[in-house]
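Quick look at work11.tsv (TSV, C-alpha atoms):
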```tsv
chain	number	residue	atom	x	y	z
A	1	MET	CA	-136.18	-87.72	-2.94
A	2	ASN	CA	-133.75	-89.42	-5.33
A	3	ARG	CA	-133.59	-86.82	-8.08
A	4	ILE	CA	-133.56	-83.04	-8.04
A	5	THR	CA	-133.30	-80.48	-10.83
A	6	ILE	CA	-132.10	-76.97	-10.02
A	7	PRO	CA	-131.21	-73.90	-12.10
A	8	THR	CA	-127.56	-73.94	-13.13
A	9	PRO	CA	-125.66	-72.73	-10.03
A	10	ASP	CA	-122.98	-70.14	-9.35
A	11	ASP	CA	-119.81	-70.59	-7.31
A	12	PHE	CA	-119.11	-67.28	-5.60
A	13	HIS	CA	-115.63	-68.21	-4.37
A	14	ILE	CA	-113.15	-70.33	-6.32
A	15	HIS	CA	-109.40	-70.57	-6.89
A	16	LEU	CA	-108.53	-71.54	-10.44
A	17	ARG	CA	-104.78	-70.84	-10.15
A	18	ASP	CA	-102.95	-70.11	-13.42
A	19	GLY	CA	-100.83	-71.60	-16.16
A	20	ASP	CA	-101.05	-75.36	-16.64
A	21	ALA	CA	-103.38	-75.67	-13.65
A	22	LEU	CA	-106.18	-74.05	-15.65
A	23	SER	CA	-106.53	-77.15	-17.83
A	24	ARG	CA	-107.69	-78.97	-14.68
A	25	THR	CA	-109.57	-76.34	-12.74
A	26	VAL	CA	-111.55	-74.55	-15.45
A	27	PRO	CA	-113.28	-77.60	-17.00
A	28	ASP	CA	-114.08	-78.93	-13.52
A	29	ALA	CA	-115.63	-75.63	-12.48
A	30	ALA	CA	-117.50	-75.24	-15.76
A	31	LYS	CA	-119.07	-78.69	-15.35
A	32	GLN	CA	-120.60	-77.65	-12.02
A	33	CYS	CA	-121.53	-73.98	-12.43
A	34	ALA	CA	-122.27	-71.41	-15.10
A	35	ARG	CA	-120.44	-68.61	-13.30
A	36	ALA	CA	-117.59	-68.59	-10.81
A	37	LEU	CA	-116.09	-65.70	-8.86
A	38	VAL	CA	-112.35	-66.10	-9.33
A	39	MET	CA	-110.00	-65.26	-6.49
A	40	PRO	CA	-107.10	-62.92	-7.34
A	41	ASN	CA	-104.36	-64.29	-5.05
A	42	LEU	CA	-101.89	-65.21	-7.74
A	43	THR	CA	-98.21	-64.30	-7.59
A	44	PRO	CA	-97.96	-61.47	-8.47
A	45	ALA	CA	-101.38	-60.47	-7.20
A	46	VAL	CA	-104.15	-59.52	-9.62
A	47	ASP	CA	-104.41	-55.93	-8.46
A	48	THR	CA	-104.74	-54.02	-11.74
A	49	VAL	CA	-107.51	-53.95	-14.31
A	50	GLU	CA	-105.09	-55.07	-16.99
A	51	ALA	CA	-104.00	-58.08	-14.93
A	52	ALA	CA	-107.60	-59.08	-14.22
A	53	LEU	CA	-108.65	-58.89	-17.87
A	54	ALA	CA	-105.56	-60.82	-19.00
A	55	TYR	CA	-106.27	-63.48	-16.38
A	56	ARG	CA	-109.84	-63.71	-17.60
A	57	GLU	CA	-108.63	-64.37	-21.12
A	58	ARG	CA	-106.32	-67.16	-19.91
A	59	ILE	CA	-109.26	-68.74	-18.09
A	60	MET	CA	-111.57	-68.48	-21.10
A	61	ALA	CA	-108.99	-70.25	-23.26
A	62	HIS	CA	-109.60	-73.39	-21.17
A	63	VAL	CA	-113.40	-73.42	-21.21
A	64	PRO	CA	-114.50	-76.55	-23.08
A	65	ASP	CA	-116.17	-75.98	-26.44
A	66	GLY	CA	-119.92	-75.72	-26.17
A	67	THR	CA	-119.83	-74.93	-22.44
A	68	ASP	CA	-121.44	-71.77	-21.10
A	69	PHE	CA	-119.10	-70.54	-18.35
A	70	THR	CA	-118.39	-67.01	-17.20
A	71	PRO	CA	-115.52	-66.17	-14.83
A	72	LEU	CA	-116.42	-63.23	-12.61
A	73	MET	CA	-113.25	-61.29	-11.88
A	74	SER	CA	-112.04	-59.65	-8.68
A	75	LEU	CA	-109.09	-57.47	-7.67
A	76	TYR	CA	-106.64	-58.13	-4.86
A	77	LEU	CA	-106.60	-55.45	-2.19
A	78	SER	CA	-102.88	-54.76	-2.04
A	79	ASP	CA	-100.90	-51.68	-1.05
A	80	SER	CA	-100.71	-50.68	-4.70
A	81	LEU	CA	-104.48	-50.69	-5.30
A	82	THR	CA	-105.83	-47.15	-5.76
A	83	PRO	CA	-109.28	-45.55	-5.86
A	84	GLU	CA	-108.65	-44.78	-9.53
A	85	THR	CA	-108.15	-48.48	-10.19
A	86	ILE	CA	-111.43	-49.25	-8.42
A	87	ARG	CA	-113.32	-46.85	-10.66
A	88	ALA	CA	-111.70	-48.31	-13.77
A	89	ALA	CA	-112.49	-51.84	-12.54
A	90	LYS	CA	-116.20	-51.09	-12.39
A	91	ASP	CA	-116.12	-49.84	-15.98
A	92	ALA	CA	-114.26	-53.00	-17.05
A	93	GLY	CA	-116.87	-55.35	-15.57
A	94	ILE	CA	-114.89	-56.47	-12.53
A	95	VAL	CA	-117.38	-57.21	-9.76
A	96	ALA	CA	-115.47	-57.29	-6.46
A	97	VAL	CA	-112.34	-56.56	-4.45
A	98	LYS	CA	-110.89	-59.27	-2.21
A	99	TRP	CA	-109.29	-58.33	1.09
A	100	TYR	CA	-106.82	-60.81	2.57
A	101	PRO	CA	-105.38	-59.75	5.91
A	102	LYS	CA	-101.63	-59.96	5.48
A	103	GLY	CA	-100.40	-63.51	6.11
A	104	ALA	CA	-103.86	-65.05	6.52
A	105	THR	CA	-103.70	-67.72	3.83
A	106	THR	CA	-102.11	-68.80	0.52
A	107	ASN	CA	-100.42	-65.90	-1.30
A	108	SER	CA	-101.64	-63.35	1.23
A	109	ALA	CA	-98.24	-61.84	1.99
A	110	GLN	CA	-99.15	-59.07	-0.47
A	111	GLY	CA	-102.18	-58.12	1.62
A	112	VAL	CA	-102.65	-54.98	3.69
A	113	ALA	CA	-101.66	-55.26	7.36
A	114	SER	CA	-103.68	-52.31	8.72
A	115	VAL	CA	-107.45	-52.00	8.41
A	116	GLU	CA	-107.18	-48.20	8.55
A	117	ALA	CA	-105.02	-48.32	5.44
A	118	ILE	CA	-107.90	-49.74	3.39
A	119	TYR	CA	-110.43	-47.02	4.27
A	120	PRO	CA	-109.83	-44.98	1.07
A	121	ILE	CA	-110.26	-48.14	-0.99
A	122	VAL	CA	-113.46	-49.11	0.81
A	123	GLU	CA	-114.81	-45.63	0.16
A	124	ALA	CA	-114.01	-46.05	-3.55
A	125	ILE	CA	-115.65	-49.51	-3.54
A	126	GLU	CA	-118.78	-47.96	-2.04
A	127	GLN	CA	-118.86	-45.19	-4.64
A	128	ALA	CA	-118.24	-47.56	-7.54
A	129	GLY	CA	-120.78	-50.14	-6.43
A	130	LEU	CA	-118.36	-53.07	-6.23
A	131	LEU	CA	-118.47	-55.71	-3.51
A	132	LEU	CA	-115.89	-56.13	-0.75
A	133	LEU	CA	-115.02	-59.79	-0.18
A	134	ILE	CA	-113.37	-60.53	3.16
A	135	HIS	CA	-111.14	-63.32	4.39
A	136	GLY	CA	-112.23	-62.85	7.98
A	137	GLU	CA	-109.30	-63.84	10.18
A	138	VAL	CA	-106.79	-61.95	12.28
A	139	THR	CA	-103.20	-63.10	11.97
A	140	HIS	CA	-101.75	-62.22	15.38
A	141	ASP	CA	-99.47	-64.90	16.79
A	142	HIS	CA	-101.10	-64.70	20.22
A	143	ILE	CA	-104.59	-65.49	18.83
A	144	ASP	CA	-105.37	-69.21	18.63
A	145	ILE	CA	-105.99	-70.35	15.05
A	146	PHE	CA	-109.45	-71.63	16.03
A	147	ASP	CA	-110.39	-68.19	17.40
A	148	ARG	CA	-109.17	-66.04	14.54
A	149	GLU	CA	-112.50	-65.68	12.74
A	150	ALA	CA	-114.42	-64.69	15.87
A	151	THR	CA	-111.70	-62.23	16.89
A	152	PHE	CA	-111.70	-60.67	13.43
A	153	ILE	CA	-115.46	-60.22	13.51
A	154	ASP	CA	-115.39	-58.52	16.90
A	155	SER	CA	-112.28	-56.36	16.54
A	156	VAL	CA	-112.15	-55.58	12.81
A	157	LEU	CA	-115.33	-56.36	10.91
A	158	THR	CA	-117.87	-54.92	13.35
A	159	PRO	CA	-116.31	-51.43	13.37
A	160	LEU	CA	-115.68	-51.62	9.60
A	161	ARG	CA	-119.34	-52.50	9.01
A	162	ALA	CA	-120.42	-49.58	11.19
A	163	ARG	CA	-118.09	-47.13	9.42
A	164	PHE	CA	-119.22	-48.21	5.92
A	165	PRO	CA	-122.88	-49.23	6.24
A	166	ASN	CA	-123.59	-48.97	2.51
A	167	VAL	CA	-120.77	-51.19	1.22
A	168	LYS	CA	-121.92	-54.64	0.19
A	169	MET	CA	-119.67	-57.07	2.04
A	170	VAL	CA	-119.34	-60.85	1.83
A	171	LEU	CA	-117.73	-62.66	4.74
A	172	GLU	CA	-116.11	-65.47	2.79
A	173	HIS	CA	-116.00	-69.16	3.78
A	174	LEU	CA	-117.78	-68.69	7.09
A	175	THR	CA	-116.70	-71.27	9.70
A	176	THR	CA	-118.15	-70.45	13.13
A	177	ARG	CA	-121.42	-70.07	14.98
A	178	HIS	CA	-120.16	-66.61	15.95
A	179	GLY	CA	-119.90	-65.74	12.27
A	180	VAL	CA	-123.37	-67.05	11.51
A	181	GLU	CA	-124.83	-64.98	14.33
A	182	PHE	CA	-122.98	-61.87	13.13
A	183	VAL	CA	-124.48	-62.19	9.63
A	184	GLN	CA	-127.94	-62.92	11.02
A	185	ALA	CA	-127.75	-59.79	13.18
A	186	GLN	CA	-127.19	-57.52	10.18
A	187	THR	CA	-130.40	-55.94	8.92
A	188	ASP	CA	-128.92	-53.57	6.34
A	189	GLY	CA	-129.22	-55.88	3.34
A	190	ASN	CA	-125.52	-55.31	2.62
A	191	THR	CA	-123.96	-58.23	4.50
A	192	ALA	CA	-123.79	-61.84	3.33
A	193	ALA	CA	-121.60	-64.93	3.62
A	194	THR	CA	-120.46	-67.86	1.55
A	195	ILE	CA	-120.21	-71.35	3.05
A	196	THR	CA	-118.00	-74.17	1.77
A	197	ALA	CA	-118.87	-77.85	1.48
A	198	GLN	CA	-115.96	-78.95	3.66
A	199	HIS	CA	-117.08	-76.80	6.59
A	200	LEU	CA	-120.62	-78.17	6.26
A	201	LEU	CA	-119.47	-81.78	6.07
A	202	PHE	CA	-116.72	-82.02	8.68
A	203	ASN	CA	-115.43	-80.66	11.95
A	204	ARG	CA	-111.80	-80.49	13.07
A	205	ASN	CA	-111.80	-84.14	14.16
A	206	ALA	CA	-111.64	-85.08	10.47
A	207	LEU	CA	-108.34	-83.21	10.22
A	208	LEU	CA	-106.71	-84.25	13.48
A	209	VAL	CA	-108.10	-87.50	14.91
A	210	GLY	CA	-106.14	-90.64	14.03
A	211	GLY	CA	-103.32	-88.65	12.46
A	212	VAL	CA	-103.07	-85.37	10.60
A	213	LYS	CA	-104.87	-85.58	7.25
A	214	PRO	CA	-103.43	-82.93	4.93
A	215	HIS	CA	-106.25	-83.06	2.39
A	216	TYR	CA	-108.70	-81.83	5.04
A	217	TYR	CA	-106.45	-78.88	5.85
A	218	CYS	CA	-107.84	-75.55	4.71
A	219	LEU	CA	-107.91	-71.95	5.92
A	220	PRO	CA	-109.96	-70.96	7.73
A	221	ILE	CA	-109.40	-74.26	9.48
A	222	LEU	CA	-112.22	-76.71	10.24
A	223	LYS	CA	-113.88	-75.82	13.53
A	224	THR	CA	-115.96	-77.54	16.23
A	225	GLU	CA	-119.06	-79.69	15.82
A	226	ASP	CA	-121.17	-76.88	17.28
A	227	ASP	CA	-119.81	-74.53	14.62
A	228	ARG	CA	-120.53	-77.07	11.89
A	229	GLN	CA	-124.11	-77.49	13.03
A	230	ALA	CA	-124.62	-73.72	13.02
A	231	LEU	CA	-123.34	-73.56	9.44
A	232	ARG	CA	-125.59	-76.41	8.33
A	233	GLU	CA	-128.61	-74.75	9.89
A	234	ALA	CA	-127.78	-71.41	8.24
A	235	ALA	CA	-127.13	-72.88	4.78
A	236	THR	CA	-130.38	-74.85	4.76
A	237	SER	CA	-132.54	-72.24	6.49
A	238	GLY	CA	-133.72	-70.36	3.44
A	239	ASP	CA	-131.94	-67.21	4.65
A	240	ALA	CA	-130.83	-65.38	1.49
A	241	ARG	CA	-127.73	-63.99	3.20
A	242	PHE	CA	-126.00	-67.39	2.95
A	243	PHE	CA	-125.03	-68.85	-0.41
A	244	LEU	CA	-122.64	-71.16	-2.21
A	245	GLY	CA	-118.92	-70.44	-2.38
A	246	THR	CA	-116.67	-73.50	-2.53
A	247	ASP	CA	-113.27	-71.95	-1.83
A	248	SER	CA	-112.03	-74.87	-3.94
A	249	ALA	CA	-108.25	-74.46	-3.76
A	250	PRO	CA	-105.97	-76.89	-5.59
A	251	HIS	CA	-102.44	-77.80	-4.60
A	252	ALA	CA	-100.32	-80.51	-6.17
A	253	ARG	CA	-100.00	-83.68	-4.07
A	254	HIS	CA	-96.36	-82.96	-3.16
A	255	ALA	CA	-97.34	-79.50	-1.87
A	256	LYS	CA	-100.04	-80.95	0.40
A	257	GLU	CA	-98.26	-84.07	1.61
A	258	ASN	CA	-95.11	-82.67	3.15
A	259	ALA	CA	-93.76	-81.27	6.40
A	260	CYS	CA	-95.44	-77.89	5.78
A	261	GLY	CA	-98.47	-78.74	3.68
A	262	CYS	CA	-100.43	-76.06	1.85
A	263	ALA	CA	-103.94	-75.06	2.92
A	264	GLY	CA	-106.83	-75.82	0.61
A	265	CYS	CA	-109.35	-78.49	-0.34
A	266	TYR	CA	-109.98	-79.25	-4.00
A	267	THR	CA	-113.76	-79.67	-4.14
A	268	ALA	CA	-114.50	-78.39	-7.64
A	269	HIS	CA	-114.55	-81.91	-9.06
A	270	ALA	CA	-117.81	-82.62	-7.17
A	271	THR	CA	-119.23	-79.31	-5.95
A	272	LEU	CA	-122.91	-80.11	-6.33
A	273	ALA	CA	-122.67	-83.67	-5.08
A	274	LEU	CA	-121.05	-82.47	-1.87
A	275	TYR	CA	-123.65	-79.80	-1.16
A	276	ALA	CA	-126.53	-82.10	-2.14
A	277	GLN	CA	-125.38	-84.57	0.51
A	278	VAL	CA	-125.57	-81.90	3.20
A	279	PHE	CA	-128.99	-80.64	2.15
A	280	ASP	CA	-130.25	-84.22	1.93
A	281	GLU	CA	-129.00	-84.98	5.45
A	282	MET	CA	-130.76	-81.84	6.68
A	283	ASN	CA	-134.04	-82.77	4.93
A	284	ALA	CA	-133.72	-79.56	2.94
A	285	LEU	CA	-133.18	-80.56	-0.68
A	286	ASP	CA	-135.98	-78.17	-1.58
A	287	LYS	CA	-133.74	-75.31	-0.35
A	288	LEU	CA	-130.68	-76.25	-2.45
A	289	ALA	CA	-131.78	-74.37	-5.58
A	290	ASN	CA	-131.98	-71.03	-3.78
A	291	PHE	CA	-128.70	-71.53	-1.92
A	292	ALA	CA	-126.80	-72.61	-5.05
A	293	SER	CA	-128.50	-70.73	-7.85
A	294	ARG	CA	-130.41	-67.67	-6.66
A	295	TYR	CA	-129.29	-66.06	-3.39
A	296	GLY	CA	-125.77	-65.26	-4.55
A	297	ALA	CA	-126.97	-63.88	-7.88
A	298	ASP	CA	-129.47	-61.69	-6.05
A	299	PHE	CA	-126.82	-60.30	-3.70
A	300	TYR	CA	-124.46	-59.56	-6.59
A	301	GLY	CA	-127.25	-58.05	-8.69
A	302	LEU	CA	-126.86	-60.62	-11.46
A	303	PRO	CA	-129.55	-62.34	-13.53
A	304	TYR	CA	-130.22	-66.00	-12.88
A	305	ASN	CA	-128.46	-68.46	-15.14
A	306	SER	CA	-130.40	-70.15	-17.88
A	307	GLY	CA	-130.36	-73.92	-18.03
A	308	GLU	CA	-130.69	-76.59	-15.38
A	309	VAL	CA	-128.64	-79.26	-13.63
A	310	THR	CA	-130.08	-82.56	-12.45
A	311	LEU	CA	-128.64	-84.40	-9.47
A	312	VAL	CA	-129.44	-88.06	-8.83
A	313	ARG	CA	-128.95	-90.30	-5.85
A	314	GLN	CA	-126.56	-92.76	-7.45
A	315	ALA	CA	-123.44	-94.18	-5.84
A	316	ASN	CA	-120.19	-93.05	-7.40
A	317	THR	CA	-116.59	-93.25	-6.25
A	318	PHE	CA	-114.41	-90.18	-6.35
A	319	PRO	CA	-111.05	-90.64	-8.12
A	320	ASP	CA	-107.92	-91.22	-6.05
A	321	SER	CA	-106.08	-88.53	-8.00
A	322	LEU	CA	-106.47	-86.21	-10.98
A	323	PRO	CA	-103.92	-84.83	-13.46
A	324	TYR	CA	-102.72	-81.37	-12.47
A	325	GLY	CA	-100.20	-79.76	-14.79
A	326	ASP	CA	-97.04	-81.87	-14.68
A	327	SER	CA	-98.10	-83.34	-11.33
A	328	GLU	CA	-101.31	-84.67	-9.79
A	329	ILE	CA	-103.88	-83.47	-7.32
A	330	VAL	CA	-105.73	-85.44	-4.66
A	331	PRO	CA	-109.36	-84.29	-4.81
A	332	PHE	CA	-111.37	-83.84	-1.66
A	333	LEU	CA	-112.69	-87.21	-0.38
A	334	ALA	CA	-110.54	-89.09	-2.87
A	335	GLY	CA	-111.50	-92.76	-3.14
A	336	LEU	CA	-114.73	-92.41	-1.16
A	337	THR	CA	-118.09	-93.55	-2.48
A	338	TRP	CA	-120.69	-90.77	-2.49
A	339	GLU	CA	-124.47	-90.88	-2.72
A	340	TRP	CA	-125.06	-88.02	-5.17
A	341	ARG	CA	-123.82	-87.13	-8.62
A	342	ILE	CA	-124.68	-84.91	-11.58
A	343	GLU	CA	-126.77	-86.76	-14.12
A	344	GLU	CA	-124.80	-86.96	-17.33
```
Any chance you could give the structure as structure tokens?
Amino acid sequence: MNRITIPTPDDFHIHLRDGDALSRTVPDAAKQCARALVMPNLTPAVDTVEAALAYRERIMAHVPDGTDFTPLMSLYLSDSLTPETIRAAKDAGIVAVKWYPKGATTNSAQGVASVEAIYPIVEAIEQAGLLLLIHGEVTHDHIDIFDREATFIDSVLTPLRARFPNVKMVLEHLTTRHGVEFVQAQTDGNTAATITAQHLLFNRNALLVGGVKPHYYCLPILKTEDDRQALREAATSGDARFFLGTDSAPHARHAKENACGCAGCYTAHATLALYAQVFDEMNALDKLANFASRYGADFYGLPYNSGEVTLVRQANTFPDSLPYGDSEIVPFLAGLTWEWRIEE
């Protein structure tokens, strides 16, 4: 198959940043997807309805003319978030609350350290009908970074899922076989997971073998080949609990290429090409439409997007860099020639 047309997809996990960065990130996202669930980990955190709506307006100001793009807004689960805010968020059209364990990733210092402390918020989320989005990693110094997702699932998520069986939860950017098996074991209809392109394409060798490669560094970190194979099988299985979420996370070149480089892969420049490659390699291109365009919408209770996107097998070379505010960004797989692209 050298050409495939799918309904216009959704990206259910993206970082657009703010300010000048929006002139880069918003048009890139809008070229790939009709809707994108925007992460709230700005500084300060987007943890009020007013902040979320103002952020939405800043995003919309950068949507190219004639482009149909809807940012889906979320709130940051910080110490200052209240049940009253959750109820107001539902009325304002906000769809989800994002929980970052304190210190887990970029701009997560504002997160909540204790899972017990979020119980009142989770109860409010359940009552309001919002979704709880989870960065599933513990942050204890004694837990190896490659084990943090599995430890979180066993020690935090499993009891949380049992305590709140009716809350719709998304385990974001799944990275391990253990995580895949956890989602597959849930039969309540209220548990799902997003999977990124980088975790489907590469294992940790890509980051570490032959020298540390900062543009492959993301959190959760790339895992083993066995984990990658489990993710690929889940994404292409036709299981509606797994759907597209890029976790595209831009950082300027100087913030990535230094002694303490930031975590995040900028994949929004080529979202669909990256996923198409994986599904092609797995002989599952017929499953891409559901993974990218239907399963996430179903889980969020949203209508399918109108319109279509056509992907063609046609060699194209990704740019070495892209303008990013007053700096530049190195996109994921910069300079590499890829087999798939969106048909113009």
Quick one: axis-aligned box around all listed atoms of stretch 190-203 of chain A, 8 Å on every side, centre and edge lengths in Å to one decimal, written as JSON.
```
{"center_x": -120.5, "center_y": -68.7, "center_z": 6.7, "size_x": 26.1, "size_y": 42.7, "size_z": 26.5}
```
Exercise: A:Lys90 partners within 10 Å, all atoms listed in the file, chain neighbours under 3 positions left out, as a PyMOL selection string
chain A and resi 49+85-87+93-96+125+128-130
Nearest to A:Thr191, chosen from A:Met169, A:Ala150, A:Val122, A:Met60, with only C-alpha atoms counted in the distances:
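That would be A:Met169, the residue with the smallest distance to A:Thr191.
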Quick one: pull the distance between atom CA of A:Ala273 and atom CA of A:Leu322, Å, one decimal.
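Between atom CA of A:Ala273 and atom CA of A:Leu322 the gap is 17.4 Å.
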I'd like the neighbourhood of A:Leu72 as a short mmCIF file (atom, residue, chain, number, x, y, z; two decimals) with C-alpha atoms, in the frame of the given file, where a residue qualifies if any of its atoms comes within 6 Å (using only C-alpha atoms), though same-chain residues fewer than 4 positions away should be ignored.
```cif
data_model
loop_
_atom_site.label_atom_id
_atom_site.label_comp_id
_atom_site.auth_asym_id
_atom_site.auth_seq_id
_atom_site.Cartn_x
_atom_site.Cartn_y
_atom_site.Cartn_z
CA ALA A 36 -117.59 -68.59 -10.81
CA LEU A 37 -116.09 -65.70 -8.86
CA VAL A 38 -112.35 -66.10 -9.33
#
```
Applying 8 Å and all atoms listed in the file, which residues near A:Asp28 remain after dropping the ones on its own chain fewer than 3 positions away? List them as a PyMOL selection string.
chain A and resi 24-25+31-32+268-269
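Considering the residues A:Thr246, A:Gln314, A:Ser74, A:Thr151 and counting only C-alpha atoms, A:Thr176 has its shortest atom-to-atom contact with A:Thr151.
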Neighbouring residues of stretch 205-216 of chain A were defined as those with any atom within 7 Å, considering all atoms listed in the file; residues of the same chain fewer than 2 positions away were excluded. Please report them as a ChimeraX atom specification.
/A:202-203,218,256-257,261,265,332
Output C-alpha atoms of each residue in that selection to a file, as a CSV table (one decimal), in the coordinates of the input.
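Here's the written file out-v5.csv:
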```csv
chain,number,residue,atom,x,y,z
A,202,PHE,CA,-116.7,-82.0,8.7
A,203,ASN,CA,-115.4,-80.7,12.0
A,218,CYS,CA,-107.8,-75.6,4.7
A,256,LYS,CA,-100.0,-81.0,0.4
A,257,GLU,CA,-98.3,-84.1,1.6
A,261,GLY,CA,-98.5,-78.7,3.7
A,265,CYS,CA,-109.4,-78.5,-0.3
A,332,PHE,CA,-111.4,-83.8,-1.7
```
Rank nothing, just name the residue among A:Ala30, A:Val156, A:Ser237, A:Asn2 nearest to A:Arg313, using all atoms listed in the file.
A:Asn2
Using all atoms listed in the file, which of A:Ala45, A:Val167, A:Ala240, A:Ile4 sits nearest A:Glu126?
A:Val167
One decimal, in Å: what's the spacing between atom CA of A:Asp239 and atom CA of A:His173?
16.1 Å
Which residues come within 9 Å of A:Met282, counting only C-alpha atoms, excluding same-chain residues fewer than 3 positions away, as a ChimeraX atom specification?
/A:232-233,236,277-279,285
Provide the atom CA of A:Asp65 to atom CA of A:Gly307 distance in Å, to one decimal place.
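Atom-to-atom, atom CA of A:Asp65 to atom CA of A:Gly307, that is 16.6 Å.
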Within 9 Å of stretch 295-303 of chain A: each stretch 172-231 of chain A residue with its shortest pair, only C-alpha atoms, as a Markdown table:
```
| residue | atom | partner | partner_atom | distance |
| --- | --- | --- | --- | --- |
| A:Gly189 | CA | A:Phe299 | CA | 8.7 |
| A:Asn190 | CA | A:Phe299 | CA | 8.2 |
| A:Thr191 | CA | A:Phe299 | CA | 8.9 |
| A:Ala192 | CA | A:Phe299 | CA | 7.8 |
| A:Thr194 | CA | A:Gly296 | CA | 8.5 |
```
Nearest to A:Leu222, chosen from A:Leu311, A:Ile145, A:Leu160, A:Leu274, with only C-alpha atoms counted in the distances:
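The shortest atom-to-atom distance to A:Leu222 comes from A:Ile145.
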For each of A:Phe146, A:Phe164, A:Phe318, A:Phe291, take the minimum atom-to-atom distance to A:Ile6, counting only C-alpha atoms, then give the residue where this is smallest.
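Smallest distance to A:Ile6 is found for A:Phe291.
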If we draw a sphere of 8 Å around (-122.5, -76.6, 10.6), which residues have at least one atom in it when counting only C-alpha atoms? Please report them as a list of chain:residue names.
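Protein, DNA and RNA residues close to (-122.5, -76.6, 10.6): A:Thr175, A:Thr176, A:Arg177, A:His199, A:Leu200, A:Leu201, A:Glu225, A:Asp226, A:Asp227, A:Arg228, A:Gln229, A:Ala230, A:Leu231, A:Arg232, A:Glu233, A:Ala234.
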Selected stretch 2-18 of chain A, written as a compact mmCIF listing (two decimals), in the first residue's frame, N, CA and C atoms:
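To be explicit, this is the file written out as result-v2.txt:
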```
# COMPACT_ATOMS: atom_id res chain seq x y z
N ASN A 2 0.67 2.12 -0.99
CA ASN A 2 1.51 3.31 -1.12
C ASN A 2 0.74 4.61 -0.86
N ARG A 3 -0.53 4.46 -0.53
CA ARG A 3 -1.36 5.65 -0.33
C ARG A 3 -2.50 5.25 0.61
N ILE A 4 -2.76 6.08 1.59
CA ILE A 4 -3.84 5.79 2.52
C ILE A 4 -4.53 7.09 2.92
N THR A 5 -5.85 7.07 2.92
CA THR A 5 -6.64 8.22 3.33
C THR A 5 -7.39 7.87 4.61
N ILE A 6 -7.26 8.73 5.61
CA ILE A 6 -7.90 8.50 6.90
C ILE A 6 -8.68 9.74 7.31
N PRO A 7 -9.68 9.60 8.18
CA PRO A 7 -10.34 10.79 8.72
C PRO A 7 -9.32 11.68 9.43
N THR A 8 -9.55 12.96 9.41
CA THR A 8 -8.61 13.88 10.05
C THR A 8 -8.41 13.49 11.51
N PRO A 9 -7.15 13.28 11.93
CA PRO A 9 -6.89 12.73 13.27
C PRO A 9 -7.00 13.75 14.39
N ASP A 10 -6.83 13.22 15.61
CA ASP A 10 -6.70 13.99 16.83
C ASP A 10 -5.37 13.65 17.47
N ASP A 11 -4.78 14.63 18.14
CA ASP A 11 -3.60 14.39 18.98
C ASP A 11 -4.03 14.60 20.42
N PHE A 12 -4.10 13.53 21.19
CA PHE A 12 -4.61 13.64 22.55
C PHE A 12 -3.53 13.85 23.60
N HIS A 13 -2.40 14.42 23.17
CA HIS A 13 -1.37 14.84 24.14
C HIS A 13 -0.32 15.66 23.39
N ILE A 14 -0.33 16.97 23.61
CA ILE A 14 0.64 17.83 22.93
C ILE A 14 1.04 18.99 23.83
N HIS A 15 2.29 19.43 23.67
CA HIS A 15 2.79 20.62 24.36
C HIS A 15 2.99 21.71 23.31
N LEU A 16 2.23 22.78 23.43
CA LEU A 16 2.35 23.89 22.49
C LEU A 16 3.20 25.02 23.04
N ARG A 17 3.52 24.98 24.35
CA ARG A 17 4.25 26.05 25.02
C ARG A 17 3.44 27.35 24.94
N ASP A 18 4.11 28.49 24.95
CA ASP A 18 3.39 29.77 25.02
C ASP A 18 4.23 30.85 24.38
```
